[in-house]
Amino acid sequence: MDPAEAEFLAEKELVTVIPNFSLDRIYLIGGDLGPFNPGLPVEVPLWLAVNLKQRQKCRLIPPEWMDAEKLEEIRDQERKEDTFTPMPSPYYMELTKLLLNYASDSIPKADEIRTLVKDTWDTRIAKLRLSADSFVRQQEAHAKLDNLTLMEINTTGTFLTQALDHMYKLRTNLQPGESAQSQDF
Amino acid sequence: MPSTQKPMRYGHTEGHTDVCFDDIGSCIVTCGSDGDVRIWENLDDDDPKSINVGEKAYSFALKNGRLVTAVSNNTVQIHTFPEGAPDGILTRFTTNANHVVFNRDGTKIAAGSSDFMVKVVEVTDSSQQKTFRGHDAPVLSLSFDPQDAFLTSASCDGSVRVWKISDQTCVTSWPLLQKCNDVINAKSICRLAWQPKSGKLLAVPVEKVVKLYRRETWDNQFDLSDNFITQTLSIVTWSPCGQYVAAGSVDGSIAVWNVDAQECVERMKHEKGYTICGLAWHPKGGQIAYTDTEGNLGLLENVCNRDGKKSSGKVSSAVTKDYNDLFDEDDDFLNTDLIEPRSSPRVVSNEEDDDDDDLMLASGHPRHRGAIIEDDENSLDTALMKVNSNLEKDDDNDQDGSIPVLPVSTTQRPFYDGPMPTPQQKPFQSGSTPSHLTHRFMVWNSIGIIRCYNDEQDNAIDVEFHDTSIHHATHLPNSLNHTMADLSSEAILLACESTEELASKLHCVHFSSWDSNKEWTVDMPKDEDIEAICLGQGWAACATSAMLTRVFTIGGVQKEIFSLPGPVVSMAGHGEQLVVIYHRGTGFDGDQCLGVQLIELGKKKRQVLHGNPLPLTRKSYLMWVGFSAEGTPCYVDSEGIVKMLNRGLGNTWIPVCDTREYCKGKSDHYWVIGIHENPQQLRCIPCKGARFPPTLPRPAVAILSFKLPYCQITTEKGQMEEQFWRSVVFHNHLDYLSKNGYEYDENAKNEAAKEQQELLMKLFALSCKLEREFRCVELADLMTQNAVNLAIKYASRSRKLILAQRLSEMAVEKATEMAAPEEDEEEEEDFRNHLNAGYSNSTTEWSQPRVRNLLHEQDMEDSKEADAVEEVEEIAHNTLQIFMCCFFPFSVTKAVITSSSQGRVNPFKVSANQKDPTAHSANILDNMSKFSKNTPTPNSRAVNKQKSPVIKPLMPKPKSKQALAATFFQPRPPRAGDKAVEEKEEKAENILPEIQAAPTENTENKRPKTGFQMWLEENRESILADNPDLEEADIIKEGMSRFRVLSSDERMIWTEKAKGGAAGNSAEAKKRKRPADAKNEGKEKLEEKSKEDSSLPKKRKPLDPSTNVRLSAFAFKQS
């Protein structure tokens, strides 16, 4: 799965918007949406929120966790712990990216939030790399990776599994007794 | 000079507080349960210096630059004053000290603690301690004799003791107080005091009097008392001159006595009646600072201004006394009445500052909370009537002219002990925040938001529309300083008060105007200020200080003017309705006395509410008034109770929501911005720790649901009752709209009726289960005809035969009542017949075997008596009809209505109502949804009854009646016109199979055909062949006569067949039918198709277009 697909999945996540138009309930495959009343908050999937926002048909209310103070706490917690801490949303990265790209005017302290989320992300990816490294080094058979989000898994999943495959192949092809030392892999 | 009471201000967080002046009286010092000692330059000092002395400060004493505090870590410590640097610990107890005092020269302190001990410590040398043991309970208060010989202490053991300091012996002890086990339980903290300087007298507050004891003899010299004191006095303090004694009570009264004259010279009441726990005289006299247990600080000024005026003051007070006697109680009342509001303008200005601060302060600051708690009162004060003060001025003048003595009498505030008049609330615009704010909402309603910015750089008004399709956001300069605004989908209305040069102006931006002149302005006459404005549809209105309401068209033409019975509070418009709230009179004890007028300004002008009193919660004032989106007047009071006009009950007001129930915190509120009845929504903005929201960050709207305050809402019964009545109340507007010829949503009405009947049915079932049969009948009385039928079924099914009997009697009664005005004798009989048939046969629905029996019996009869055929026929058809009513129309109408109302059919739309019809027999209650979908509302019921013959094509009805029926529903649904009726008649025979087709197999199985029907089907062709131009009804007649001619044996065969057909596969019956009616061939296929699909009801929808048309025609007749 590539990041675009992960983002696509994240677009099903519900966010709250305040529409500035009036529309009856709409019936879609994924479920019913609306009714849209001007000035009244309504929950819609992210894709619709972004679409409406781009057409200036709504104001966006950021998710509760998208708040500089809360994110700071999360980041600090993430830095403090060795394991992955639970994230406020399984699509935190995608949501932040999309919302800040398209609706930064309705989110207070947008830049700060962007930095904080990026920091958290970097910390987590670093952790992930580190643990992958030790996983390979110690030749473990399995590892437990709780609280990873889909996007995070995707950054390393394909590469890691392929790499492990290769290593496995190489390892099994190693002829015992031969001059393995001279081989450089 | 009378003393003036400055408004209370926030000092500390709630809890015990103490207060004193510093040595020279330059500042007020307080301590409180937040552990801070605060130094206030004056009462308006917004930035007092705080010294943190511990977690909680219980008491403190101040002298010679030393601040001694008793704090919660059980120590008595010194801080330097005013720097606040810690200067060591004086002494410790095993629990906290309750009171510390300095002696006269400040060399010693005495501290009394909850561990029953009293200690006297040298300030400079804390090793010099004297301990006084003897109390059997926590020590409450202490007082040093000014001559340093004695120390008095009061304790929770009820005694007041006098100790000799030198040898720590108890000189005397009086059992004066109520015993208690702890300080917090003590009724009074008994702050006693020695007369300064001489120390001749000791004042002790005991219950409602101040007892004075003479030094050395220790006898009770005299008591100081006054009628004003109604609660226990807890604190006594002497004026520095030793002439006056001030005492504070637990209910917030403060009284000052002249000790020599033993008369009360000042009386004053805490504005909120909190317990006074700190009282201090200014060292130079003239001022008393006091604190209460809620942490507030107050100040009395000009108390006993005796310097040089002592004698004259006395004289005048004596004079007043005489006059008071002369003029009796009434004058007292008059005076207080005068005085009270006169001080109020000052109150207002101060409070407004306070409010300002509250808003500016970020939450979390400890001050904030206290201030918000005060806010209740503040906003009331800010809402004071301006007009009132004007009136008062007039009154004043009058008084001056007629009774010149009275102003003199105010030197001593005459005391009036009765209900106090409430300051009248100021006029306001609904959905606006206070006008003194620099950034405020001028209005927030369902159309949009108007904000006003009024700071150094900008004075402007921002208008924003929720729905940008109404109008784009606009920015208006506010050079005229508009303070009032309203917004509708047609116009923006602004108004300002008059200034010295300019008159009060009404300014309208009529943006929906089609010409190029979008704005108009009207000046009010001189000395007339606009106080409230509102917009309706096509009109604008303003209420002025001249107690006039002026109505304008939206284009600026002046229309009606009418006088208001009192000063306006607020007004609101919606459509053609105008509601005005005004002061009917003066309220007492915190209540407002408001009246409401509701006027319709449409073509038919009339007054709906003629100045009725507006029921407000006690001690509350009006916060919001407006209309629901559907046009029902509503208002919200300061206690958060939302009330709505109940037009169904003689225009009474019904509380529909308590927003405070939804609040998390005590000081949280909901700021209402709109009310919708369908869907039931209360739109408001949650305000944390405030009554109204700030403009930034932009507040988000929340939706609350309504809840009527019915009893036992936790029980199922209570819940359903509440739901039922809520549904009734919130659909009153539909009746109102229809009565007044407005358009309204027929669907919503049906939906509501359905919901109500469903709830009644559930309640009925519940009562049935609980064996409350009488209650069942009462419930059934509220039901519509169809629901009653169901109820009867339910009752007989649950073997409550008496109940069923009663219900059917009632149903008949109801039916006759309903029928009486419209139908003639014959029809009525017919009708009753039909009803009875309905009851007996309706059992089919739930018990197949019984039906068979019944039918069998009928068939037997049938065979015996030829005439009976007709009757049975009728019964059979009536049954059929009921079934059609029950099951058929719903499924069809649903499909057709949705498709027609939406234009395009949405293939993804899944309607919750579209349940599988095959499930219907599982539970009678399930049928309700389908059944009552079609349930007519009371006034249209008769019409429906009339209609039914049309659905029954086989009914032997003369044509004239059909036509009659047609006229009945002609005016209702727009599409069910004549054409549909004609079509109906033409295709009558075709429709029947359709009707049969639409219900599922299940229904069909249960509706066995009679012998005659089968015979008729077989022989229809031949009848038609013989008489090609016969009407359907005539065919049946003809058929009947032919059937009667048949021999009884033949008839038996048909009856047998019918039974066999009913028992066997219905498909077989169909097959038999098929050859009989070639014309129906096509329909038959459809029918089969529908049968196949019956398990997948959704698929049934895409019928071929012609069927759809016919179904829709049918559906419209049904509903």
# chains A, B, ... in the order shown; residues from 1 in each chain; ligands from 1
$ residues_around --residues "segment 562-572 of chain B" --least-positions-apart "6" --cutoff "10 Å" --atoms "only C-alpha atoms" --output "count of residues only"
54
$ select_by_dssp --residues "chain A" --states "strand (DSSP E)" --output "list in words"
Leu14, Val15, Thr16, Val17, Ile18, Pro19, Ile26, Tyr27, Leu28, Gly31, Asp32, Leu33, Val42, Glu43, Val44, Pro45, Cys58, Arg59, Leu60 and Ile61 of chain A
$ atom_distance --atom1 "atom CA of Asn651 of chain B" --atom2 "atom CA of Trp725 of chain B"
15.5 Å
$ residues_around --residues "Ser22 of chain A" --least-positions-apart "4" --cutoff "10 Å" --atoms "only C-alpha atoms" --output "list in words"
Gly34, Pro35, Phe36, Asn37, Pro38, Gly39 and Leu40 of chain A; His466, Asp467, Thr468 and Ser469 of chain B
$ write_last_selection --atoms "C-alpha atoms" --output "PDB file, in the first residue's frame"
ATOM      1  CA  GLY A  34     -26.363  15.773   6.631  1.00  0.00           C
ATOM      2  CA  PRO A  35     -28.756  17.464   6.817  1.00  0.00           C
ATOM      3  CA  PHE A  36     -26.698  20.583   6.307  1.00  0.00           C
ATOM      4  CA  ASN A  37     -27.986  23.633   8.101  1.00  0.00           C
ATOM      5  CA  PRO A  38     -26.113  26.871   7.744  1.00  0.00           C
ATOM      6  CA  GLY A  39     -24.343  27.679  10.957  1.00  0.00           C
ATOM      7  CA  LEU A  40     -24.877  24.289  12.539  1.00  0.00           C
TER       8      LEU A  40
ATOM      9  CA  HIS B 466     -24.794  31.455   8.060  1.00  0.00           C
ATOM     10  CA  ASP B 467     -26.101  30.735   4.629  1.00  0.00           C
ATOM     11  CA  THR B 468     -23.989  32.603   2.140  1.00  0.00           C
ATOM     12  CA  SER B 469     -26.680  32.197  -0.456  1.00  0.00           C
TER      13      SER B 469
END
$ residues_around --residues "Thr83 of chain A" --least-positions-apart "4" --cutoff "10 Å" --atoms "only C-alpha atoms" --output "PyMOL selection string"
chain A and resi 78-79+124+127-128+131+144-147
$ interface_residues --of "chain A" --to "chain B" --cutoff "6 Å" --atoms "only C-alpha atoms" --output "list of chain:residue names"
A:Asn20, A:Phe21, A:Tyr27, A:Leu28, A:Ile29, A:Pro38, A:Gly39
$ atom_distance --atom1 "atom CA of Thr95 of chain B" --atom2 "atom CA of Trp194 of chain B"
26.7 Å
$ atom_distance --atom1 "atom CA of Ser33 of chain B" --atom2 "atom CA of Gly15 of chain B"
5.3 Å
$ closest_residue --among "A:Tyr168, A:Phe135, A:Trp65, A:Tyr102" --to "Pro88 of chain A" --atoms "only C-alpha atoms"
A:Trp65
$ residues_around --residues "segment 2-5 of chain A" --least-positions-apart "2" --cutoff "8 Å" --atoms "only C-alpha atoms" --output "PyMOL selection string"
chain A and resi 7-9+151+154-155
$ write_last_selection --atoms "N, CA and C atoms" --output "mmCIF file, in the first residue's frame"
data_model
loop_
_atom_site.group_PDB
_atom_site.id
_atom_site.type_symbol
_atom_site.label_atom_id
_atom_site.label_comp_id
_atom_site.auth_asym_id
_atom_site.auth_seq_id
_atom_site.Cartn_x
_atom_site.Cartn_y
_atom_site.Cartn_z
ATOM 1 N N GLU A 7 -3.907 7.523 2.695
ATOM 2 C CA GLU A 7 -4.598 8.799 2.802
ATOM 3 C C GLU A 7 -6.052 8.653 2.381
ATOM 4 N N PHE A 8 -6.226 7.857 1.330
ATOM 5 C CA PHE A 8 -7.585 7.621 0.851
ATOM 6 C C PHE A 8 -8.453 7.021 1.967
ATOM 7 N N LEU A 9 -7.864 6.064 2.674
ATOM 8 C CA LEU A 9 -8.616 5.445 3.776
ATOM 9 C C LEU A 9 -8.909 6.463 4.874
ATOM 10 N N MET A 151 -0.318 4.524 8.392
ATOM 11 C CA MET A 151 0.666 5.255 7.615
ATOM 12 C C MET A 151 2.075 4.909 8.055
ATOM 13 N N ASN A 154 3.121 1.617 6.870
ATOM 14 C CA ASN A 154 3.383 1.652 5.434
ATOM 15 C C ASN A 154 4.747 2.218 5.084
ATOM 16 N N THR A 155 5.260 3.089 5.920
ATOM 17 C CA THR A 155 6.556 3.671 5.581
ATOM 18 C C THR A 155 7.657 2.617 5.566
#
$ closest_residue --among "B:Val236, B:Leu601, B:Ala820, B:Leu140" --to "Ile276 of chain B" --atoms "only C-alpha atoms"
B:Val236
$ residues_around --residues "segment 106-111 of chain A" --least-positions-apart "5" --cutoff "10 Å" --atoms "only C-alpha atoms" --output "PyMOL selection string"
(chain A and resi 53+58-63+66-68+96+99-101+116-117) or (chain B and resi 697-698)
$ select_by_dssp --residues "segment 35-179 of chain A" --states "alpha helix (DSSP H)" --output "NGL selection string"
:A and (46-54 or 68-80 or 92-103 or 110-137 or 150-173)
$ residues_around --residues "segment 35-44 of chain B" --least-positions-apart "2" --cutoff "8 Å" --atoms "only C-alpha atoms" --output "PDB file with C-alpha atoms, in the first residue's frame"
ATOM      1  CA  ARG B   9     -16.157  42.913  45.170  1.00  0.00           C
ATOM      2  CA  HIS B  12     -10.699  35.768  47.929  1.00  0.00           C
ATOM      3  CA  SER B  26      -4.265  53.775  54.097  1.00  0.00           C
ATOM      4  CA  CYS B  27      -5.185  50.357  52.900  1.00  0.00           C
ATOM      5  CA  ILE B  28      -7.478  47.473  53.559  1.00  0.00           C
ATOM      6  CA  VAL B  29      -5.908  44.143  54.309  1.00  0.00           C
ATOM      7  CA  THR B  30      -7.749  40.877  53.921  1.00  0.00           C
ATOM      8  CA  CYS B  31      -6.909  37.237  54.245  1.00  0.00           C
ATOM      9  CA  GLY B  32      -8.844  34.284  52.948  1.00  0.00           C
ATOM     10  CA  SER B  33      -9.005  30.586  52.517  1.00  0.00           C
ATOM     11  CA  ASP B  46      -7.902  45.741  40.784  1.00  0.00           C
ATOM     12  CA  ASP B  47      -4.331  44.780  41.413  1.00  0.00           C
ATOM     13  CA  PRO B  48      -3.962  44.194  45.114  1.00  0.00           C
ATOM     14  CA  LYS B  49      -0.660  43.134  46.499  1.00  0.00           C
ATOM     15  CA  SER B  50      -0.833  39.497  47.563  1.00  0.00           C
ATOM     16  CA  ILE B  51       1.292  37.856  50.196  1.00  0.00           C
ATOM     17  CA  ASN B  52       1.052  34.135  50.265  1.00  0.00           C
ATOM     18  CA  VAL B  53       1.209  32.978  53.835  1.00  0.00           C
ATOM     19  CA  GLY B  54       0.193  29.381  53.583  1.00  0.00           C
ATOM     20  CA  GLU B  55      -2.399  27.059  52.221  1.00  0.00           C
ATOM     21  CA  LYS B  56      -5.205  28.653  54.157  1.00  0.00           C
ATOM     22  CA  ALA B  57      -5.191  31.685  56.341  1.00  0.00           C
ATOM     23  CA  VAL B  71      -2.464  29.391  58.900  1.00  0.00           C
ATOM     24  CA  LEU B 297     -14.983  42.375  50.339  1.00  0.00           C
ATOM     25  CA  GLY B 298     -17.229  45.345  50.935  1.00  0.00           C
ATOM     26  CA  LEU B 299     -16.980  48.795  52.332  1.00  0.00           C
TER      27      LEU B 299
END
$ closest_residue --among "A:Gln54, A:Gly30, A:Leu23, A:Leu148" --to "Thr85 of chain A" --atoms "only C-alpha atoms"
A:Leu148
